[in-house]
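Asker: The file below is model-v4.tsv, TSV, C-alpha atoms:
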chain	number	residue	atom	x	y	z
K	17	MET	CA	70.33	72.19	-46.40
K	18	ARG	CA	71.86	70.59	-43.36
K	19	PHE	CA	74.87	72.85	-43.87
K	20	ALA	CA	72.67	75.95	-43.91
K	21	GLY	CA	70.96	74.72	-40.77
K	22	ALA	CA	74.34	74.33	-39.09
K	23	ILE	CA	75.29	77.88	-40.05
K	24	ALA	CA	72.01	79.20	-38.69
K	25	ALA	CA	72.61	77.32	-35.42
K	26	VAL	CA	76.14	78.71	-35.15
K	27	LEU	CA	74.85	82.22	-35.81
K	28	LEU	CA	72.21	81.75	-33.14
K	29	ILE	CA	74.81	80.61	-30.62
K	30	ALA	CA	77.11	83.48	-31.56
K	31	ASN	CA	74.20	85.83	-31.16
K	32	THR	CA	73.49	84.71	-27.58
K	33	ALA	CA	77.15	84.46	-26.65
K	34	PHE	CA	77.74	88.07	-27.65
K	35	ALA	CA	74.45	89.45	-26.37
K	36	ALA	CA	74.62	93.18	-26.91
K	37	GLU	CA	76.88	94.75	-24.32
K	38	ILE	CA	75.86	98.24	-23.31
K	39	PRO	CA	77.78	100.88	-25.30
K	40	GLN	CA	79.92	103.22	-23.16
K	41	ALA	CA	77.77	106.23	-23.99
K	42	GLU	CA	74.59	104.49	-22.86
K	43	ARG	CA	75.83	103.36	-19.47
K	44	ARG	CA	73.71	104.62	-16.60
K	45	SER	CA	74.16	104.28	-12.86
K	46	GLY	CA	71.29	102.95	-10.73
K	47	TYR	CA	70.97	106.53	-9.46
K	48	ASP	CA	69.67	107.64	-12.88
K	49	PHE	CA	66.76	105.23	-12.64
K	50	MET	CA	65.55	106.55	-9.28
K	51	LYS	CA	62.68	108.91	-8.52
K	52	PRO	CA	63.54	112.49	-7.42
K	53	ASP	CA	62.67	111.82	-3.75
K	54	THR	CA	65.05	108.87	-3.50
K	55	LYS	CA	67.74	110.90	-5.28
K	56	ALA	CA	67.23	113.72	-2.76
K	57	MET	CA	67.63	111.22	0.06
K	58	GLN	CA	70.99	110.08	-1.30
K	59	ASP	CA	72.26	113.55	-2.17
K	60	GLU	CA	71.94	115.08	1.29
K	61	ASP	CA	74.31	113.73	3.90
K	62	THR	CA	71.90	114.35	6.77
K	63	ALA	CA	69.07	112.55	4.96
K	64	ASN	CA	71.12	109.61	3.67
K	65	PRO	CA	70.83	106.75	6.21
K	66	GLY	CA	74.06	105.28	4.81
K	67	MET	CA	75.87	108.13	6.56
K	68	LEU	CA	74.97	106.54	9.92
K	69	TRP	CA	77.26	103.64	8.96
K	70	VAL	CA	79.92	106.02	7.67
K	71	LEU	CA	79.97	107.76	11.06
K	72	ASP	CA	80.24	104.38	12.81
K	73	GLY	CA	83.07	103.46	10.47
K	74	GLU	CA	84.92	106.65	11.27
K	75	ALA	CA	84.79	105.76	15.00
K	76	LEU	CA	85.94	102.19	14.28
K	77	TRP	CA	88.78	103.47	12.10
K	78	LYS	CA	90.28	105.14	15.18
K	79	ARG	CA	89.55	102.34	17.64
K	80	LYS	CA	92.39	100.00	18.62
K	81	ALA	CA	91.67	96.31	18.08
K	82	GLY	CA	93.29	92.87	18.32
K	83	THR	CA	96.37	91.64	20.16
K	84	ALA	CA	98.53	94.06	18.14
K	85	ASN	CA	96.44	96.81	19.77
K	86	LYS	CA	96.50	98.88	16.60
K	87	ALA	CA	93.80	100.98	14.95
K	88	CYS	CA	93.38	101.37	11.18
K	89	ALA	CA	94.44	104.98	11.69
K	90	ASP	CA	97.77	103.94	13.27
K	91	CYS	CA	99.00	102.67	9.87
K	92	HIS	CA	96.75	104.46	7.39
K	93	ASP	CA	96.45	107.77	9.25
K	94	ASP	CA	93.71	110.07	7.96
K	95	ALA	CA	91.39	108.08	5.70
K	96	ARG	CA	90.39	111.27	3.89
K	97	THR	CA	93.76	111.24	2.16
K	98	SER	CA	95.00	107.64	2.50
K	99	MET	CA	91.75	105.97	1.37
K	100	LYS	CA	90.88	108.45	-1.38
K	101	GLY	CA	90.06	106.52	-4.57
K	102	VAL	CA	90.85	103.14	-3.00
K	103	ALA	CA	87.33	101.70	-3.21
K	104	ALA	CA	87.25	102.67	-6.89
K	105	ARG	CA	90.02	100.11	-7.51
K	106	TYR	CA	88.40	97.12	-5.77
K	107	PRO	CA	88.13	94.13	-6.07
K	108	ALA	CA	91.91	94.10	-6.46
K	109	LEU	CA	94.62	91.46	-6.67
K	110	ASP	CA	95.74	90.09	-3.31
K	111	LYS	CA	99.46	89.45	-3.72
K	112	ALA	CA	99.54	86.83	-0.94
K	113	THR	CA	96.97	84.53	-2.56
K	114	GLY	CA	97.22	85.63	-6.20
K	115	ARG	CA	93.43	86.03	-6.26
K	116	PRO	CA	91.14	89.05	-6.39
K	117	ILE	CA	89.62	90.17	-3.09
K	118	ASP	CA	86.91	92.73	-2.47
K	119	LEU	CA	87.02	95.64	-0.05
K	120	GLU	CA	85.36	93.71	2.80
K	121	GLN	CA	87.93	90.92	2.43
K	122	ARG	CA	90.77	93.44	2.34
K	123	ILE	CA	89.55	95.00	5.59
K	124	ASN	CA	89.33	91.56	7.19
K	125	SER	CA	92.78	90.55	5.92
K	126	CYS	CA	94.16	93.74	7.49
K	127	ARG	CA	92.38	92.82	10.73
K	128	THR	CA	93.84	89.30	10.79
K	129	ASN	CA	97.37	90.10	9.61
K	130	HIS	CA	98.11	93.51	11.05
K	131	GLN	CA	95.74	93.97	13.98
K	132	GLN	CA	95.77	90.28	14.90
K	133	ALA	CA	92.06	90.51	15.53
K	134	THR	CA	89.23	88.14	14.57
K	135	PRO	CA	87.76	88.84	11.12
K	136	LEU	CA	84.40	90.60	11.15
K	137	PRO	CA	81.44	88.53	9.92
K	138	PHE	CA	80.05	89.41	6.46
K	139	GLU	CA	77.16	91.90	6.69
K	140	SER	CA	77.94	92.68	10.33
K	141	ARG	CA	77.36	96.30	11.32
K	142	GLU	CA	81.09	96.77	11.99
K	143	LEU	CA	82.28	95.43	8.63
K	144	LEU	CA	79.64	97.38	6.71
K	145	ALA	CA	80.53	100.51	8.69
K	146	LEU	CA	84.25	100.26	7.95
K	147	THR	CA	83.59	99.46	4.29
K	148	ALA	CA	81.15	102.36	3.98
K	149	PHE	CA	83.64	104.73	5.62
K	150	VAL	CA	86.43	103.66	3.24
K	151	ALA	CA	84.15	103.70	0.18
K	152	ARG	CA	82.88	107.15	1.08
K	153	GLN	CA	86.40	108.53	0.60
K	154	SER	CA	86.07	107.61	-3.10
K	155	GLN	CA	82.85	109.53	-3.67
K	156	GLY	CA	83.03	111.05	-7.15
K	157	ALA	CA	86.16	109.07	-8.08
K	158	ARG	CA	86.05	107.22	-11.40
K	159	ILE	CA	86.03	103.43	-11.14
K	160	GLU	CA	89.42	101.97	-12.16
K	161	THR	CA	88.89	98.32	-11.17
K	162	GLY	CA	90.55	95.75	-13.41
K	163	ALA	CA	93.46	97.89	-14.61
K	164	ASP	CA	95.93	95.23	-13.37
K	165	PRO	CA	96.54	92.80	-16.29
K	166	GLN	CA	96.94	89.92	-13.81
K	167	LEU	CA	93.21	90.24	-13.09
K	168	ALA	CA	92.22	89.48	-16.70
K	169	PRO	CA	91.56	85.73	-16.21
K	170	PHE	CA	89.37	86.44	-13.17
K	171	ILE	CA	87.42	89.13	-15.02
K	172	ALA	CA	86.86	86.60	-17.80
K	173	LYS	CA	85.52	84.09	-15.28
K	174	GLY	CA	83.23	86.70	-13.78
K	175	ARG	CA	81.96	87.60	-17.24
K	176	GLU	CA	81.30	83.94	-17.96
K	177	LEU	CA	79.19	83.70	-14.81
K	178	TYR	CA	77.42	86.93	-15.77
K	179	MET	CA	76.43	85.43	-19.13
K	180	GLN	CA	75.67	81.93	-17.79
K	181	ARG	CA	72.00	80.94	-17.66
K	182	GLN	CA	71.20	79.19	-14.39
K	183	GLY	CA	68.49	78.37	-11.85
K	184	GLN	CA	64.90	77.22	-12.31
K	185	LEU	CA	64.12	80.37	-14.30
K	186	ASN	CA	67.13	79.67	-16.53
K	187	LEU	CA	68.30	83.27	-16.59
K	188	GLY	CA	71.74	84.83	-16.73
K	189	CYS	CA	72.53	88.30	-15.36
K	190	ALA	CA	72.92	89.57	-18.95
K	191	ASN	CA	69.35	88.59	-19.88
K	192	CYS	CA	68.05	91.39	-17.67
K	193	HIS	CA	70.90	93.83	-17.13
K	194	ASP	CA	72.33	93.95	-20.69
K	195	ASP	CA	69.30	93.07	-22.79
K	196	ASN	CA	66.34	94.55	-20.89
K	197	TRP	CA	67.68	97.34	-18.69
K	198	ASP	CA	65.35	99.86	-20.31
K	199	LYS	CA	62.29	97.89	-19.24
K	200	ARG	CA	60.61	97.28	-15.91
K	201	LEU	CA	60.11	94.18	-13.79
K	202	ALA	CA	57.08	94.19	-11.50
K	203	GLY	CA	56.96	97.99	-11.69
K	204	SER	CA	60.62	98.44	-10.76
K	205	ALA	CA	63.37	99.65	-13.08
K	206	ILE	CA	65.64	96.74	-14.08
K	207	THR	CA	68.81	98.91	-14.29
K	208	GLN	CA	72.16	98.06	-15.87
K	209	GLY	CA	73.74	96.58	-12.76
K	210	HIS	CA	76.66	98.96	-12.33
K	211	PRO	CA	77.82	98.66	-8.71
K	212	THR	CA	78.84	102.29	-8.26
K	213	GLY	CA	77.46	102.86	-4.77
K	214	TYR	CA	78.24	99.85	-2.57
K	215	PRO	CA	77.88	99.34	0.28
K	216	LEU	CA	74.50	101.00	-0.14
K	217	TYR	CA	71.28	101.59	1.77
K	218	ARG	CA	68.37	99.74	0.22
K	219	LEU	CA	64.97	100.90	1.32
K	220	GLU	CA	63.76	97.33	0.84
K	221	TRP	CA	66.43	96.04	3.25
K	222	GLN	CA	65.90	98.90	5.72
K	223	SER	CA	69.65	98.69	6.10
K	224	LEU	CA	73.05	99.06	4.49
K	225	GLY	CA	74.21	96.00	2.55
K	226	SER	CA	77.15	94.80	0.48
K	227	LEU	CA	77.37	94.02	-3.22
K	228	GLN	CA	77.61	90.32	-2.31
K	229	ARG	CA	74.28	90.57	-0.51
K	230	ARG	CA	72.77	92.17	-3.62
K	231	LEU	CA	74.22	89.46	-5.90
K	232	ARG	CA	73.01	86.68	-3.62
K	233	ALA	CA	69.51	88.18	-3.63
K	234	CYS	CA	69.55	88.34	-7.44
K	235	ILE	CA	70.74	84.72	-7.70
K	236	THR	CA	68.01	83.59	-5.33
K	237	GLY	CA	65.58	85.60	-7.48
K	238	ILE	CA	66.34	83.49	-10.54
K	239	ARG	CA	65.89	80.47	-8.25
K	240	ALA	CA	69.46	79.29	-8.35
K	241	GLN	CA	71.55	78.27	-5.35
K	242	ALA	CA	73.34	81.39	-4.09
K	243	TYR	CA	77.08	81.21	-3.45
K	244	ASP	CA	78.22	81.64	0.16
K	245	TYR	CA	79.55	85.01	1.28
K	246	GLY	CA	83.21	85.30	0.29
K	247	ALA	CA	82.95	82.59	-2.40
K	248	PRO	CA	85.47	83.12	-5.23
K	249	GLU	CA	82.61	83.11	-7.78
K	250	LEU	CA	80.95	86.10	-6.09
K	251	VAL	CA	84.23	88.02	-5.96
K	252	GLU	CA	84.86	87.31	-9.67
K	253	LEU	CA	81.37	88.52	-10.46
K	254	GLU	CA	81.96	91.68	-8.39
K	255	LEU	CA	85.25	92.15	-10.24
K	256	TYR	CA	83.63	91.79	-13.66
K	257	LEU	CA	80.81	94.19	-12.75
K	258	MET	CA	83.20	96.82	-11.40
K	259	SER	CA	85.49	96.56	-14.45
K	260	ARG	CA	82.38	96.79	-16.65
K	261	ALA	CA	81.55	100.07	-14.85
K	262	ARG	CA	85.06	101.42	-15.34
K	263	GLY	CA	85.07	105.21	-15.71
K	264	MET	CA	81.76	105.73	-13.94
K	265	PRO	CA	81.82	107.87	-10.76
K	266	MET	CA	81.44	106.21	-7.34
K	267	ASP	CA	78.51	107.33	-5.18
K	268	ALA	CA	78.87	105.22	-2.03
K	269	PRO	CA	77.07	105.11	0.29
K	270	ALA	CA	74.25	105.20	-2.24
K	271	VAL	CA	70.53	104.86	-1.59
K	272	ARG	CA	68.51	102.50	-3.77
K	273	PRO	CA	64.86	101.44	-3.66
U	225	MET	CA	77.89	103.70	17.88
U	226	ALA	CA	76.68	106.71	15.95
U	227	SER	CA	73.12	107.70	16.44
U	228	ALA	CA	71.74	110.95	15.09
U	229	LEU	CA	72.26	113.16	12.06
U	230	ILE	CA	70.84	116.67	12.49
U	231	ASN	CA	70.44	119.42	9.92
U	232	VAL	CA	69.62	122.85	11.32
U	233	PRO	CA	70.69	126.03	9.47
U	234	ALA	CA	73.54	127.70	11.38
U	235	LYS	CA	72.15	131.17	10.66
U	236	ALA	CA	68.76	132.63	9.79
U	237	LYS	CA	67.01	136.00	9.59
U	238	ARG	CA	64.34	136.75	12.17
U	239	GLY	CA	60.98	135.59	10.87
U	240	ASP	CA	62.48	133.12	8.37
U	241	ILE	CA	60.77	129.76	8.02
U	242	ILE	CA	63.45	127.13	8.53
U	243	GLU	CA	63.46	123.37	8.03
U	244	ILE	CA	64.78	121.06	10.73
U	245	LYS	CA	65.84	117.56	9.61
U	246	THR	CA	66.67	114.66	11.91
U	247	LEU	CA	67.77	111.12	11.18
U	248	MET	CA	68.02	108.61	14.04
U	249	SER	CA	69.68	105.22	13.86
U	250	HIS	CA	67.21	102.54	14.98
U	251	ILE	CA	66.11	99.12	13.70
U	252	MET	CA	62.37	99.77	14.36
U	253	GLU	CA	61.57	96.09	14.90
U	254	THR	CA	57.77	95.85	14.56
U	255	GLY	CA	57.07	93.05	17.02
U	256	TYR	CA	55.00	91.28	14.35
U	257	ARG	CA	57.82	89.18	12.89
U	258	HIS	CA	58.70	85.62	13.87
U	259	THR	CA	61.99	83.77	13.86
U	260	ALA	CA	62.45	80.57	11.81
U	261	SER	CA	61.55	78.58	14.95
U	262	GLY	CA	58.30	80.51	15.40
U	263	GLU	CA	59.20	82.79	18.30
U	264	VAL	CA	58.03	86.39	18.14
U	265	VAL	CA	60.82	88.92	17.67
U	266	PRO	CA	60.07	91.38	20.49
U	267	ARG	CA	58.96	94.85	19.49
U	268	ASN	CA	61.78	97.39	19.61
U	269	ILE	CA	60.77	100.77	18.23
U	270	ILE	CA	61.18	104.45	18.96
U	271	THR	CA	57.90	105.52	20.55
U	272	GLY	CA	58.39	109.26	20.88
U	273	PHE	CA	60.32	112.21	19.50
U	274	THR	CA	60.45	115.70	21.00
U	275	CYS	CA	62.14	118.91	19.97
U	276	ARG	CA	62.63	121.80	22.42
U	277	PHE	CA	63.88	125.26	21.54
U	278	ASN	CA	65.46	127.17	24.43
U	279	GLY	CA	63.59	124.86	26.77
U	280	ASN	CA	60.15	125.16	25.17
U	281	GLU	CA	58.64	122.21	23.33
U	282	ILE	CA	58.04	123.14	19.67
U	283	PHE	CA	57.47	119.74	18.06
U	284	ARG	CA	56.47	116.28	19.22
U	285	ALA	CA	55.69	113.03	17.39
U	286	ASP	CA	54.48	109.59	18.45
U	287	LEU	CA	55.95	106.70	16.47
U	288	PHE	CA	54.41	103.31	15.72
U	289	PRO	CA	55.55	99.93	14.35
U	290	ALA	CA	54.77	100.91	10.73
U	291	PHE	CA	57.63	103.43	10.72
U	292	ALA	CA	60.64	102.46	8.63
U	293	ALA	CA	64.02	101.77	10.22
U	294	ASN	CA	66.23	104.81	10.91
U	295	PRO	CA	63.32	107.30	11.13
U	296	PHE	CA	63.85	110.56	9.24
U	297	ILE	CA	61.72	113.31	10.81
U	298	THR	CA	61.60	116.81	9.36
U	299	PHE	CA	59.49	119.81	10.27
U	300	PHE	CA	59.37	123.56	9.83
U	301	THR	CA	59.53	126.32	12.39
U	302	THR	CA	59.97	130.09	12.45
U	303	ALA	CA	63.28	131.56	13.50
U	304	THR	CA	62.51	133.95	16.35
U	305	GLU	CA	65.72	134.25	18.36
U	306	SER	CA	69.19	132.72	18.66
U	307	GLY	CA	69.32	129.59	20.75
U	308	LYS	CA	69.55	125.86	21.00
U	309	PHE	CA	67.40	123.05	19.66
U	310	GLU	CA	67.33	119.95	21.83
U	311	PHE	CA	66.11	116.69	20.37
U	312	GLU	CA	65.07	113.61	22.29
U	313	TRP	CA	64.07	110.15	21.13
U	314	ILE	CA	62.65	107.57	23.54
U	315	GLY	CA	61.60	103.99	22.85
U	316	ASP	CA	61.27	100.36	23.85
U	317	GLN	CA	63.84	98.53	25.92
U	318	GLY	CA	64.95	101.71	27.64
U	319	PHE	CA	66.00	103.45	24.41
U	320	SER	CA	66.88	107.09	24.99
U	321	GLU	CA	69.01	109.38	22.82
U	322	THR	CA	69.53	113.11	22.72
U	323	ALA	CA	71.15	115.58	20.34
U	324	SER	CA	71.31	119.34	20.04
U	325	ALA	CA	72.05	122.08	17.51
U	326	SER	CA	72.42	125.86	17.76
U	327	ILE	CA	71.17	128.63	15.52
U	328	MET	CA	72.13	132.31	15.18
U	329	VAL	CA	69.19	134.57	14.36
U	330	GLU	CA	70.00	138.06	13.07
Could you quickly redo this structure as structure tokens?
Answerer:
Amino acid sequence: MRFAGAIAAVLLIANTAFAAEIPQAERRSGYDFMKPDTKAMQDEDTANPGMLWVLDGEALWKRKAGTANKACADCHDDARTSMKGVAARYPALDKATGRPIDLEQRINSCRTNHQQATPLPFESRELLALTAFVARQSQGARIETGADPQLAPFIAKGRELYMQRQGQLNLGCANCHDDNWDKRLAGSAITQGHPTGYPLYRLEWQSLGSLQRRLRACITGIRAQAYDYGAPELVELELYLMSRARGMPMDAPAVRP
Amino acid sequence: MASALINVPAKAKRGDIIEIKTLMSHIMETGYRHTASGEVVPRNIITGFTCRFNGNEIFRADLFPAFAANPFITFFTTATESGKFEFEWIGDQGFSETASASIMVE
């Protein structure tokens, strides 16, 4: 009897540990959950407020900065060709540190190392603008994040955090975004949590925001202590989510409710 | 930094009803919010929008604190002749921006 009980317990644990991942064919971007008017807002460049940041980013791309007095364009030239598909591969492995870094961190590492300028603060207008401008060049590109085998241990860590129950509500990301994405929470679609459109304009924020901001908001929502901006845990989570969305088309700068 | 995004059809037939779309970058701070230390965040909104066509005013709007950030204003007009639309936004703290767009009417 005790033996049977042990088996049942093991099965139960196995069942939660391998909570149904979303089959490839059923994956849906946050865009698919939106109402037609919000979709229309995203689809038209002159109606999409995210394009205001993209325009800012284009100006910053050409502006010289730092003691090196170099602009992004001085090394990378025209972003339309040099940055095409780049955002679809981030977070990527940073060879200097051997750790994954996201697009914002890559921009700041370029600023510090090559422009010899001060890094831009997370969620500052300038950093969001540059990120949006770079991400925009990948619009329609399929997400390839996680192709580098050296990233595997970090993806695994991110997945662990995704599955981990935490906070006063004792919820993991998977409890909503894998198990209940077809339902609603307080009238809003739960969605599958594929980060195809970051940085994106959230109507709730009245602003553009990064994936880290979104993750921090979600973590606060389950009443857990949010990681600081740039924390390795957040980057690993970003990495897992992007590799989970592999093959889906990018739509940055997206609009979301 | 960037300010306005304008969408005006480049060409139209005389008598066509055309849609004009404008998006202006602005935080639209209501003046009703407080900081963590209890001080009021001063109101900073766009208060007025005007559109002129070949010098004549064809559309005007007053804006209030309930407007969302980055106001998106669209309206319709009839294409009568070729010319230039001039847009103007004015607001608190000396805010003033302009933009323009041309149309060919055949």
Asker: Which of these residues is nearest to U:Glu281, using all atoms listed in the file: U:Phe296, U:Thr254, U:Glu310, U:Pro266?
Answerer: U:Glu310
Asker: I'd like the interatomic distance between atom CA of U:Ile251 and atom CA of K:Asp267, to a tenth of an Å.
Answerer: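 If I compute the distance from atom CA of U:Ile251 to atom CA of K:Asp267, I get 24.0 Å.
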Asker: Select from chain K every residue with an atom at most 8 Å from any atom of chain U, then for each give the shortest pair of atoms and their distance in Å to one decimal, using all atoms listed in the file, rows by chain and rising number, as CSV.
Answerer:
residue,atom,partner,partner_atom,distance
K:Thr62,CA,U:Leu229,CA,5.4
K:Ala63,CA,U:Leu247,CA,6.5
K:Pro65,CA,U:Asn294,CA,6.9
K:Leu68,CA,U:Ala226,CA,6.3
K:Trp69,CA,U:Ala226,CA,7.7
K:Leu71,CA,U:Ala226,CA,6.0
K:Asp72,CA,U:Ala226,CA,5.3
K:Ala75,CA,U:Met225,CA,7.8
K:Gln222,CA,U:Ala293,CA,5.7
K:Ser223,CA,U:Ala293,CA,7.6
Asker: With only C-alpha atoms counted, which protein, DNA or RNA residues have an atom no more than 10 Å from (56.7, 111.7, 22.8) in the file frame? Please answer as a list of chain:residue names.
Answerer: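 In the file's frame, the residues around the point are U:Ile270, U:Thr271, U:Gly272, U:Phe273, U:Thr274, U:Cys275, U:Phe283, U:Arg284, U:Ala285, U:Asp286, U:Leu287, U:Glu312, U:Trp313, U:Ile314, U:Gly315.
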Asker: I'd like the contact shell of K:Ile235 - 10 Å cut-off, all atoms listed in the file, skipping same-chain residues fewer than 4 positions apart - returned as a list in words.
Answerer: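 Residues near the query, excluding close chain neighbours: Gln182, Gly183, Leu187, Gly188, Cys189, Arg229, Arg230, Leu231, Arg239, Ala240, Gln241, Ala242 and Tyr243 of chain K.
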Asker: Kindly give the distance, in Å, that separates atom CA of K:Gln153 and atom CA of K:Gly114, rounded to a single decimal.
Answerer: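 Result for atom CA of K:Gln153 versus atom CA of K:Gly114: 26.2 Å, one decimal.
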Asker: Would you list the contacts of K:Tyr256 as a ChimeraX atom specification, taking every protein, DNA or RNA residue within 8 Å and counting all atoms listed in the file, but skipping same-chain residues closer than 4 positions in sequence?
Answerer: /K:162,170-172,174-175,252,260
Asker: Between atom CA of K:Thr83 and atom CA of K:Cys126, what is the distance, to one decimal in Å?
Answerer: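 That distance, rounded to one decimal, is 13.0 Å.
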Asker: Extract, using all atoms listed in the file, all DNA, RNA and protein residues at most 7 Å from U:Arg276, discarding same-chain residues fewer than 3 positions from it, and format them as a list of chain:residue names.
Answerer: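 Surrounding residues, per the criterion: U:Gly279, U:Asn280, U:Glu281, U:Ile282, U:Phe309, U:Glu310, U:Phe311.
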Asker: Out of U:Ser320, U:Arg267, U:Ile327, U:Asp240, which residue has the shortest atom-to-atom distance to U:Phe288 when counting all atoms listed in the file?
Answerer: U:Arg267
Asker: Applying 12 Å and all atoms listed in the file, which residues near K:Ile123 remain after dropping the ones on its own chain fewer than 6 positions away? List them as a PyMOL selection string.
Answerer: chain K and resi 73+76-77+87-88+99+102-103+106-107+110+117+129-131+133-138+142-151
Asker: Neighbouring residues of K:Pro269 were defined as those with any atom within 6 Å, considering only C-alpha atoms; residues of the same chain fewer than 5 positions away were excluded. Please report them as a PyMOL selection string.
Answerer: chain K and resi 66+213+215-216
Asker: Go ahead and dump the residues you just picked, C-alpha atoms, as a compact mmCIF listing (two decimals), in the frame of the given file.
Answerer:
# COMPACT_ATOMS: atom_id res chain seq x y z
CA GLY K 66 74.06 105.28 4.81
CA GLY K 213 77.46 102.86 -4.77
CA PRO K 215 77.88 99.34 0.28
CA LEU K 216 74.50 101.00 -0.14
